[in-house]
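Have a look at start-v5.csv below; it lists CSV, C-alpha atoms.
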```csv
chain,number,residue,atom,x,y,z
A,1,MET,CA,124.0,96.3,89.4
A,2,THR,CA,121.9,98.6,87.2
A,3,SER,CA,121.1,101.9,88.9
A,4,ILE,CA,117.4,102.4,89.6
A,5,GLY,CA,116.4,106.1,89.6
A,6,GLY,CA,119.8,107.7,89.4
A,7,ALA,CA,119.7,111.0,91.3
A,8,ALA,CA,116.6,109.8,93.1
A,9,SER,CA,118.8,107.5,95.2
A,10,SER,CA,120.0,110.5,97.1
A,11,GLY,CA,116.4,111.7,97.9
A,12,MET,CA,113.8,110.4,100.4
A,13,VAL,CA,114.5,106.8,99.6
A,14,ASP,CA,117.8,105.3,98.4
A,15,TRP,CA,116.3,102.9,95.9
A,16,ASN,CA,119.6,101.4,94.9
A,17,LEU,CA,120.4,100.6,98.5
A,18,ALA,CA,116.9,99.0,98.8
A,19,VAL,CA,117.8,96.7,95.9
A,20,ALA,CA,121.2,95.9,97.2
A,21,THR,CA,119.9,95.2,100.7
A,22,ALA,CA,117.1,92.9,99.5
A,23,THR,CA,119.5,91.1,97.1
A,24,ARG,CA,122.0,90.5,99.9
A,25,LEU,CA,119.4,89.4,102.5
A,26,VAL,CA,117.0,87.3,100.4
A,27,ARG,CA,117.3,83.6,101.0
A,28,PRO,CA,118.8,81.4,98.3
A,29,GLY,CA,116.4,79.5,96.1
A,30,PRO,CA,116.1,75.7,96.0
A,31,ASP,CA,119.1,73.6,94.9
A,32,VAL,CA,118.7,73.0,91.1
A,33,SER,CA,121.2,72.3,88.4
A,34,ARG,CA,121.7,74.7,85.5
A,35,ASP,CA,119.9,72.2,83.2
A,36,GLU,CA,117.0,71.9,85.6
A,37,ALA,CA,116.7,75.6,85.9
A,38,ARG,CA,116.6,76.0,82.1
A,39,ALA,CA,113.9,73.3,81.9
A,40,VAL,CA,111.8,75.0,84.5
A,41,VAL,CA,112.0,78.4,82.7
A,42,ALA,CA,111.1,76.7,79.3
A,43,GLU,CA,108.1,74.9,80.9
A,44,LEU,CA,106.7,78.0,82.6
A,45,ARG,CA,106.9,79.8,79.2
A,46,ARG,CA,105.0,77.0,77.5
A,47,HIS,CA,102.4,76.8,80.3
A,48,ALA,CA,101.9,80.6,80.1
A,49,ARG,CA,101.0,80.3,76.4
A,50,SER,CA,98.6,77.5,76.9
A,51,ALA,CA,97.1,79.2,80.0
A,52,GLU,CA,96.4,82.3,78.0
A,53,GLU,CA,94.2,80.4,75.7
A,54,HIS,CA,92.4,78.5,78.5
A,55,VAL,CA,91.8,81.7,80.5
A,56,ARG,CA,90.5,83.7,77.5
A,57,GLY,CA,88.2,80.8,76.5
A,58,PHE,CA,86.8,80.4,80.0
A,59,THR,CA,86.3,84.2,80.7
A,60,ASN,CA,85.4,85.5,77.3
A,61,LEU,CA,87.8,88.3,77.9
A,62,GLY,CA,90.3,89.8,75.5
A,63,THR,CA,91.8,88.7,72.2
A,64,PRO,CA,95.3,87.7,71.1
A,65,GLU,CA,95.8,91.2,69.8
A,66,THR,CA,95.1,92.8,73.2
A,67,HIS,CA,97.3,90.3,75.0
A,68,ASP,CA,100.5,92.1,74.2
A,69,THR,CA,102.3,92.4,77.5
A,70,PRO,CA,105.6,90.4,78.0
A,71,LEU,CA,106.2,87.4,80.2
A,72,LEU,CA,109.3,87.5,82.4
A,73,VAL,CA,110.5,84.4,84.2
A,74,VAL,CA,112.6,85.9,87.0
A,75,ASP,CA,114.7,84.9,90.1
A,76,ARG,CA,114.2,86.5,93.5
A,77,PRO,CA,116.5,89.5,92.8
A,78,GLY,CA,114.8,90.0,89.5
A,79,TRP,CA,111.4,90.3,91.3
A,80,VAL,CA,113.0,92.8,93.7
A,81,ARG,CA,114.3,95.0,90.9
A,82,ALA,CA,110.9,95.0,89.2
A,83,ASN,CA,109.0,95.9,92.3
A,84,VAL,CA,111.5,98.7,93.3
A,85,ALA,CA,111.0,100.2,89.9
A,86,GLY,CA,107.2,100.1,90.4
A,87,PHE,CA,107.3,101.5,93.9
A,88,ARG,CA,109.6,104.3,92.7
A,89,GLU,CA,107.2,105.3,90.0
A,90,LEU,CA,104.1,105.1,92.2
A,91,LEU,CA,105.7,107.0,95.2
A,92,LYS,CA,107.4,109.7,93.2
A,93,PRO,CA,104.7,112.4,93.6
A,94,LEU,CA,104.5,111.8,97.4
A,95,LEU,CA,108.3,111.7,97.8
A,96,ASP,CA,108.7,114.9,95.8
A,97,LYS,CA,106.1,116.6,98.0
A,98,MET,CA,107.9,115.4,101.1
A,99,GLN,CA,111.3,116.6,99.7
A,100,GLU,CA,109.8,120.0,99.0
A,101,ARG,CA,108.3,120.2,102.5
A,102,ARG,CA,111.6,119.4,104.0
A,103,GLY,CA,113.5,122.1,102.2
A,104,THR,CA,117.0,122.4,100.9
A,105,SER,CA,119.1,123.8,103.8
A,106,PRO,CA,122.4,122.0,104.3
A,107,GLY,CA,121.2,120.4,107.5
A,108,ASN,CA,118.0,119.1,105.9
A,109,VAL,CA,119.9,117.8,102.9
A,110,VAL,CA,122.3,115.8,105.2
A,111,MET,CA,119.4,114.5,107.3
A,112,GLY,CA,117.5,113.6,104.1
A,113,ALA,CA,120.4,111.7,102.7
A,114,VAL,CA,120.8,109.7,106.0
A,115,GLY,CA,117.0,109.1,106.2
A,116,GLY,CA,116.9,108.0,102.6
A,117,LYS,CA,119.5,105.3,103.3
A,118,VAL,CA,117.7,104.2,106.4
A,119,THR,CA,114.4,103.9,104.4
A,120,GLY,CA,116.2,102.1,101.6
A,121,VAL,CA,117.6,99.5,104.1
A,122,GLU,CA,114.1,99.1,105.6
A,123,LEU,CA,112.4,98.7,102.3
A,124,GLY,CA,115.1,96.2,101.2
A,125,MET,CA,114.5,94.1,104.3
A,126,LEU,CA,110.8,94.0,103.6
A,127,LEU,CA,111.3,93.0,100.0
A,128,SER,CA,113.8,90.3,101.0
A,129,PHE,CA,111.0,88.8,103.1
A,130,LEU,CA,108.5,89.0,100.3
A,131,ALA,CA,110.8,87.9,97.5
A,132,SER,CA,111.0,84.3,98.7
A,133,ARG,CA,107.2,84.0,98.9
A,134,VAL,CA,105.7,85.5,95.7
A,135,LEU,CA,105.0,82.9,93.0
A,136,GLY,CA,103.9,85.3,90.3
A,137,GLN,CA,102.7,88.9,89.8
A,138,TYR,CA,101.3,91.1,87.1
A,139,GLU,CA,103.5,94.2,87.6
A,140,THR,CA,101.7,97.3,86.1
A,141,PHE,CA,103.5,100.5,87.2
A,142,ALA,CA,107.2,100.3,86.5
A,143,PRO,CA,108.2,102.2,83.3
A,144,ALA,CA,109.5,100.1,80.4
A,145,THR,CA,113.2,99.6,80.2
A,146,ARG,CA,115.5,97.2,78.3
A,147,ASP,CA,115.5,94.9,81.3
A,148,LEU,CA,111.9,95.4,82.2
A,149,PRO,CA,109.9,95.6,78.9
A,150,ALA,CA,106.2,96.4,78.8
A,151,GLY,CA,103.3,96.1,76.4
A,152,ALA,CA,103.0,98.4,73.4
A,153,ASN,CA,99.9,100.0,74.9
A,154,GLY,CA,101.5,101.0,78.1
A,155,GLY,CA,100.6,97.9,80.1
A,156,GLY,CA,102.8,96.0,82.5
A,157,ARG,CA,104.5,92.6,82.5
A,158,LEU,CA,103.8,89.2,83.9
A,159,LEU,CA,106.4,88.0,86.4
A,160,LEU,CA,106.8,84.3,87.3
A,161,VAL,CA,109.3,83.7,90.1
A,162,ALA,CA,110.8,80.4,89.1
A,163,PRO,CA,112.7,79.5,92.3
A,164,ASN,CA,109.7,80.1,94.5
A,165,ILE,CA,107.5,77.9,92.3
A,166,VAL,CA,110.0,75.1,92.5
A,167,HIS,CA,110.3,75.6,96.3
A,168,VAL,CA,106.6,75.4,96.9
A,169,GLU,CA,106.0,72.4,94.6
A,170,ARG,CA,108.7,70.5,96.6
A,171,GLU,CA,107.3,71.7,99.9
A,172,LEU,CA,103.8,70.5,99.1
A,173,ASP,CA,105.1,67.3,97.4
A,174,VAL,CA,102.8,67.7,94.4
A,175,GLU,CA,103.3,66.9,90.7
A,176,PRO,CA,105.7,69.6,89.4
A,177,HIS,CA,104.3,69.9,85.9
A,178,ASP,CA,100.7,70.2,87.2
A,179,PHE,CA,101.6,72.7,89.8
A,180,ARG,CA,103.4,75.0,87.3
A,181,LEU,CA,100.5,75.0,85.0
A,182,TRP,CA,98.1,75.6,87.9
A,183,VAL,CA,100.1,78.7,89.0
A,184,THR,CA,100.3,80.1,85.6
A,185,LEU,CA,96.5,79.8,85.2
A,186,HIS,CA,96.1,82.2,88.2
A,187,GLU,CA,98.7,84.7,87.0
A,188,GLU,CA,97.6,84.6,83.4
A,189,THR,CA,94.1,85.6,84.6
A,190,HIS,CA,95.6,88.8,86.1
A,191,ARG,CA,97.4,89.5,82.8
A,192,THR,CA,94.1,89.0,80.9
A,193,GLN,CA,92.2,91.3,83.3
A,194,PHE,CA,94.6,94.2,82.7
A,195,THR,CA,95.0,93.6,78.9
A,196,ALA,CA,91.3,93.1,78.2
A,197,VAL,CA,90.2,96.0,80.4
A,198,PRO,CA,92.2,99.1,79.2
A,199,TRP,CA,90.9,101.5,81.9
A,200,LEU,CA,91.8,99.2,84.8
A,201,ARG,CA,95.4,100.2,85.2
A,202,GLY,CA,94.7,103.9,85.1
A,203,HIS,CA,91.9,103.5,87.6
A,204,LEU,CA,94.1,101.6,90.1
A,205,GLU,CA,96.9,104.1,89.7
A,206,GLY,CA,94.5,107.0,90.2
A,207,GLU,CA,93.1,105.5,93.4
A,208,ILE,CA,96.6,104.8,94.8
A,209,GLN,CA,97.7,108.4,93.9
A,210,ALA,CA,94.6,109.8,95.7
A,211,PHE,CA,95.4,107.6,98.7
A,212,LEU,CA,99.0,108.9,98.8
A,213,ALA,CA,97.9,112.5,98.3
A,214,GLU,CA,96.0,112.3,101.6
A,215,THR,CA,99.2,111.2,103.4
A,216,ASP,CA,100.4,113.5,106.1
A,217,VAL,CA,103.9,114.8,105.1
A,218,ASP,CA,104.5,116.3,108.6
A,219,PRO,CA,107.0,113.8,110.1
A,220,THR,CA,105.7,114.6,113.6
A,221,THR,CA,102.1,113.7,112.7
A,222,VAL,CA,103.3,110.5,111.0
A,223,LEU,CA,105.4,109.6,114.1
A,224,GLU,CA,102.4,110.1,116.4
A,225,ARG,CA,100.2,107.8,114.3
A,226,VAL,CA,102.9,105.1,114.2
A,227,ARG,CA,103.3,105.4,118.0
A,228,GLU,CA,99.5,105.1,118.5
A,229,ALA,CA,99.5,102.1,116.2
A,230,ALA,CA,102.3,100.4,118.1
A,231,GLN,CA,100.5,101.0,121.4
A,232,SER,CA,97.3,99.4,120.1
A,233,LEU,CA,99.3,96.4,118.8
A,234,VAL,CA,100.9,95.8,122.2
A,235,GLY,CA,97.7,96.4,124.2
A,236,GLY,CA,98.7,99.9,125.4
A,237,ARG,CA,95.6,101.8,124.3
A,238,PRO,CA,93.6,103.6,127.0
A,239,GLU,CA,90.9,101.5,128.6
A,240,GLY,CA,87.5,102.0,127.1
A,241,GLU,CA,88.6,103.0,123.6
A,242,GLU,CA,87.7,100.9,120.7
A,243,GLY,CA,90.4,98.3,119.8
A,244,ASP,CA,92.3,98.0,116.6
A,245,GLU,CA,93.2,94.4,117.1
A,246,GLY,CA,91.5,93.4,113.8
A,247,ARG,CA,93.4,95.9,111.7
A,248,SER,CA,97.0,95.9,110.4
A,249,LEU,CA,99.6,98.6,111.1
A,250,VAL,CA,99.1,99.9,107.6
A,251,GLU,CA,95.4,100.4,108.2
A,252,ILE,CA,95.7,102.0,111.6
A,253,VAL,CA,97.9,104.9,110.4
A,254,GLN,CA,95.4,106.0,107.7
A,255,THR,CA,93.3,109.2,107.7
A,256,PRO,CA,89.5,108.9,107.3
A,257,ALA,CA,89.7,109.9,103.7
A,258,GLN,CA,92.4,107.3,103.1
A,259,ARG,CA,90.2,104.6,104.7
A,260,GLU,CA,87.5,105.4,102.2
A,261,ILE,CA,89.9,105.0,99.3
A,262,LEU,CA,91.4,101.9,101.0
A,263,GLY,CA,87.8,100.4,101.0
A,264,ARG,CA,87.5,100.9,97.3
A,265,LEU,CA,91.0,99.4,96.7
A,266,THR,CA,90.2,96.5,98.9
A,267,ALA,CA,87.0,95.8,96.9
A,268,VAL,CA,88.8,95.9,93.5
A,269,MET,CA,91.7,93.8,94.7
A,270,SER,CA,89.3,91.2,96.2
A,271,LEU,CA,87.6,91.1,92.8
A,272,LEU,CA,90.8,90.6,90.9
A,273,GLU,CA,92.2,87.9,93.2
A,274,GLY,CA,88.9,86.2,93.6
A,275,HIS,CA,88.3,86.2,89.8
A,276,ALA,CA,91.8,84.6,89.3
A,277,ASP,CA,91.0,81.9,91.9
A,278,TYR,CA,87.6,81.2,90.3
A,279,VAL,CA,89.1,80.9,86.8
A,280,MET,CA,91.9,78.7,88.1
A,281,ASP,CA,89.4,76.4,89.7
A,282,GLY,CA,87.1,76.4,86.6
A,283,VAL,CA,89.9,75.6,84.1
A,284,GLY,CA,92.0,73.4,86.4
A,285,PRO,CA,90.0,70.2,86.4
A,286,GLU,CA,90.1,70.0,82.6
A,287,VAL,CA,93.9,70.6,82.2
A,288,VAL,CA,95.5,69.8,85.6
A,289,PRO,CA,95.0,66.1,86.5
A,290,SER,CA,96.0,66.5,90.2
A,291,VAL,CA,94.3,69.9,90.7
A,292,ALA,CA,92.2,68.7,93.7
A,293,GLU,CA,95.3,67.6,95.7
A,294,ILE,CA,97.2,70.8,94.7
A,295,ARG,CA,94.3,73.1,95.7
A,296,GLU,CA,93.8,71.4,99.1
A,297,LYS,CA,97.5,71.5,100.0
A,298,PHE,CA,98.0,75.0,98.8
A,299,GLN,CA,95.0,76.3,100.7
A,300,GLN,CA,96.4,74.7,103.9
A,301,ARG,CA,99.7,76.4,103.2
A,302,ARG,CA,98.0,79.8,102.6
A,303,ALA,CA,96.0,79.6,105.8
A,304,LYS,CA,98.7,78.7,108.3
A,305,GLY,CA,101.8,80.5,106.9
A,306,ALA,CA,105.3,79.2,107.0
A,307,SER,CA,106.1,79.9,110.7
A,308,ARG,CA,105.0,82.0,113.7
A,309,LEU,CA,107.3,84.8,112.5
A,310,ASP,CA,105.7,84.6,109.1
A,311,MET,CA,102.2,84.9,110.6
A,312,ALA,CA,103.3,87.8,112.8
A,313,LEU,CA,104.6,89.7,109.8
A,314,ARG,CA,101.5,88.9,107.8
A,315,LYS,CA,99.4,90.5,110.5
A,316,LEU,CA,101.7,93.5,110.9
A,317,LEU,CA,101.9,94.3,107.2
A,318,GLY,CA,98.3,93.5,106.4
A,319,LEU,CA,99.1,90.4,104.3
A,320,ASP,CA,96.4,88.5,106.2
A,321,ALA,CA,93.9,90.8,104.5
A,322,LYS,CA,95.1,89.5,101.2
A,323,LEU,CA,94.2,86.0,102.2
A,324,ARG,CA,90.6,87.3,102.9
A,325,GLN,CA,90.6,88.9,99.5
A,326,TYR,CA,91.1,85.6,97.8
A,327,ARG,CA,88.3,84.0,99.8
A,328,ASP,CA,85.8,86.8,99.7
A,329,GLY,CA,86.4,87.7,96.1
A,330,GLU,CA,86.1,84.1,94.9
A,331,ARG,CA,82.7,83.8,96.7
A,332,PHE,CA,81.5,87.0,95.1
A,333,VAL,CA,82.5,85.9,91.6
A,334,ARG,CA,81.0,82.4,92.0
A,335,ALA,CA,77.7,83.8,93.3
A,336,VAL,CA,77.4,86.3,90.5
A,337,VAL,CA,78.3,83.8,87.7
A,338,ASP,CA,75.8,81.3,89.2
A,339,GLU,CA,73.1,83.9,89.1
A,340,VAL,CA,73.7,85.8,85.8
A,341,GLY,CA,76.3,83.7,83.9
A,342,MET,CA,79.8,84.7,82.8
A,343,GLU,CA,78.6,87.3,80.4
A,344,GLY,CA,76.5,88.9,83.1
A,345,PHE,CA,79.5,88.8,85.5
A,346,ASN,CA,81.7,90.5,82.8
A,347,ARG,CA,79.6,93.6,83.1
A,348,VAL,CA,81.8,94.3,86.1
A,349,TRP,CA,84.6,95.3,83.7
A,350,THR,CA,82.4,98.0,81.9
A,351,SER,CA,83.7,101.0,83.9
A,352,PRO,CA,84.8,102.0,87.4
A,353,ASN,CA,81.1,102.5,88.2
A,354,THR,CA,80.3,98.8,87.7
A,355,LEU,CA,83.1,97.6,90.0
A,356,PRO,CA,81.7,96.2,93.3
A,357,THR,CA,81.9,98.1,96.5
A,358,LYS,CA,83.5,96.7,99.6
A,359,ALA,CA,80.0,96.0,100.9
A,360,GLU,CA,78.9,94.3,97.7
A,361,ILE,CA,81.8,91.9,97.8
A,362,GLY,CA,80.2,90.5,100.9
A,363,LYS,CA,76.7,90.8,99.4
A,364,PRO,CA,76.8,89.8,95.7
A,365,ALA,CA,73.0,90.1,95.3
A,366,ASP,CA,73.3,93.8,96.0
A,367,TRP,CA,75.8,94.2,93.1
A,368,ILE,CA,73.5,92.2,90.8
A,369,THR,CA,70.5,94.4,91.8
A,370,ARG,CA,72.5,97.6,91.1
A,371,VAL,CA,74.1,96.6,87.9
A,372,HIS,CA,71.5,94.3,86.3
A,373,ARG,CA,68.4,96.1,87.5
A,374,LYS,CA,65.7,96.4,84.9
A,375,PRO,CA,64.8,100.0,83.9
A,376,GLU,CA,61.5,101.0,85.2
A,377,ALA,CA,58.7,101.2,82.7
```
Produce structure tokens that represent the structure in this file.
Amino acid sequence: MTSIGGAASSGMVDWNLAVATATRLVRPGPDVSRDEARAVVAELRRHARSAEEHVRGFTNLGTPETHDTPLLVVDRPGWVRANVAGFRELLKPLLDKMQERRGTSPGNVVMGAVGGKVTGVELGMLLSFLASRVLGQYETFAPATRDLPAGANGGGRLLLVAPNIVHVERELDVEPHDFRLWVTLHEETHRTQFTAVPWLRGHLEGEIQAFLAETDVDPTTVLERVREAAQSLVGGRPEGEEGDEGRSLVEIVQTPAQREILGRLTAVMSLLEGHADYVMDGVGPEVVPSVAEIREKFQQRRAKGASRLDMALRKLLGLDAKLRQYRDGERFVRAVVDEVGMEGFNRVWTSPNTLPTKAEIGKPADWITRVHRKPEA
């Protein structure tokens, strides 16, 4: 196994142990022969090329020259390695700050090494859960390597997780070729968003770093927050206090400043996910014959989750919020396009100032008024 991060493995998080744990625990993919696997990979690559043209034509975003980021068809361990590399890059400033706060005395070094291994195992367990569910992802933050190439302009790479796509198409009992194209339409929209809007990656990274910079690095404070969050989740909060039942563990432990940033991040993620769903629905009927059946079955699967455990983990980790992002974001995009057309909607990509706020995602007319208002005479 290729080492991820070298010396960083002995710091606050043992990244190599995270990869090893996730790879060991992740469930095996569906039973396919080697020839079938090769055929799936080849077809996903063909669909990605055609989806790129469909998406660009429908959205009026980007050109072949800007669409320079690579496509990687990966298995579940490949998805894990890519995401660990991205997490390590994003979390480095925070972990460095925590390491500095902890100090370099022999006792702290030993405790840090033990804690890093525990955290690596916990992260690996989380990634093993997610690795069997993600169909595709535009990974933007991991640095370019031989095994994880990136675009020439510093962009990311599009990941399609082949075993998960095959698993879901079988589970839904839909036409495999149609489903594979349908999935790539959604994921190619994300690649188009980031390649056609050069400032988007840096803006997201800046917001995430600002969020992390507000994180308390005092372990006692963090522990108190987690304890309060756990009490609220099991109904142990004092009587008369406002409840947190509607929020995930991730949201509950945030500071007020982080909640403001989280609101902005929620808005932009709702936009990106909703836009991808809107494009997928707009292009789908022309190129995916069984799109109506696929959409209906997939929506049912999204809504109910795979099991009671899956639903509990979605709630705990905040993944149920992602489902709302698809729904709310798609409604925002549809309302704006219906009112001002695709070119009018594309003003959303002008700058961070033209991105919708969290409130505007729910009230598209307010965004239209703000961004398209006529200058006073």
Contacts of A:Phe141 within 10 Å, all atoms listed in the file, excl. fewer than 6 positions in-chain, as a list in words: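 So, after excluding close chain neighbours, the residues are Ala82, Asn83, Ala85, Gly86, Phe87, Arg88, Glu89, Leu90, Ala150, Gly154, Gly155, Gly156, Arg157, Arg201, Gly202, Leu204 and Glu205 of chain A.
The interatomic distance for the pair atom CA of A:Ala359 and atom CA of A:Phe194 works out to 23.4 Å.
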Minimum-distance residue to A:Thr195, chosen among A:Leu44, A:Leu181, A:Val118, A:Leu158 (using all atoms listed in the file):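 With all atoms listed in the file as the atom set, the closest residue is A:Leu158.
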Atomic separation - atom CA of A:Glu339 relative to atom CA of A:Val283, Å: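 Separation of atom CA of A:Val283 and atom CA of A:Glu339: 19.4 Å.
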Spatial neighbours of stretch 324-335 of chain A, max dist 12 Å, only C-alpha atoms, sep filter under 5 positions, as a ChimeraX atom specification: /A:59,186,263,265-282,299,302-303,318-319,340-348,355-368
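Here atom CA of A:Thr23 and atom CA of A:Pro77 stand 5.5 Å from one another.
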Closest of A:Val55, A:Val13, A:Leu212, A:Leu71 to A:Val41 - atom-to-atom distances counting all atoms listed in the file: A:Leu71
Neighbour residues at most 12 Å from (111.2, 95.6, 93.8) (only C-alpha atoms) as a PyMOL selection string: chain A and resi 4+15-23+74-90+120+123-131+134+137+139+141-142+148+159
Can you sort out the box for stretch 204-217 of chain A, edges along x, y and z, all listed atoms in, 5 Å on every side, with centre and edge lengths in Å to one decimal, as JSON?
```
{"center_x": 98.5, "center_y": 108.2, "center_z": 97.9, "size_x": 20.8, "size_y": 23.2, "size_z": 26.4}
```
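Using only C-alpha atoms, the nearest neighbour of A:Leu94 within the list A:Gly284, A:Gly29, A:Gln209, A:Phe298 is A:Gln209.
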Against stretch 187-191 of chain A, which residues of stretch 60-105 of chain A fall within 10 Å? For each one I want the closest pair of atoms and the distance in Å (one decimal), counting all atoms listed in the file, rows by chain and increasing residue number, as a Markdown table.
```
| residue | atom | partner | partner_atom | distance |
| --- | --- | --- | --- | --- |
| A:Leu61 | CA | A:Thr189 | CA | 9.6 |
| A:His67 | CA | A:Arg191 | CA | 7.8 |
| A:Asp68 | CA | A:Arg191 | CA | 9.5 |
| A:Thr69 | CA | A:Arg191 | CA | 7.8 |
| A:Pro70 | CA | A:Arg191 | CA | 9.5 |
| A:Leu71 | CA | A:Arg191 | CA | 9.4 |
```
Store the residues of this selection in a file with C-alpha atoms, as a PDB file, keeping the file's coordinate frame.
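Result went into again32.pdb, see below:
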```
ATOM      1  CA  LEU A  61      87.800  88.300  77.900  1.00  0.00           C
ATOM      2  CA  HIS A  67      97.300  90.300  75.000  1.00  0.00           C
ATOM      3  CA  ASP A  68     100.500  92.100  74.200  1.00  0.00           C
ATOM      4  CA  THR A  69     102.300  92.400  77.500  1.00  0.00           C
ATOM      5  CA  PRO A  70     105.600  90.400  78.000  1.00  0.00           C
ATOM      6  CA  LEU A  71     106.200  87.400  80.200  1.00  0.00           C
TER       7      LEU A  71
END
```
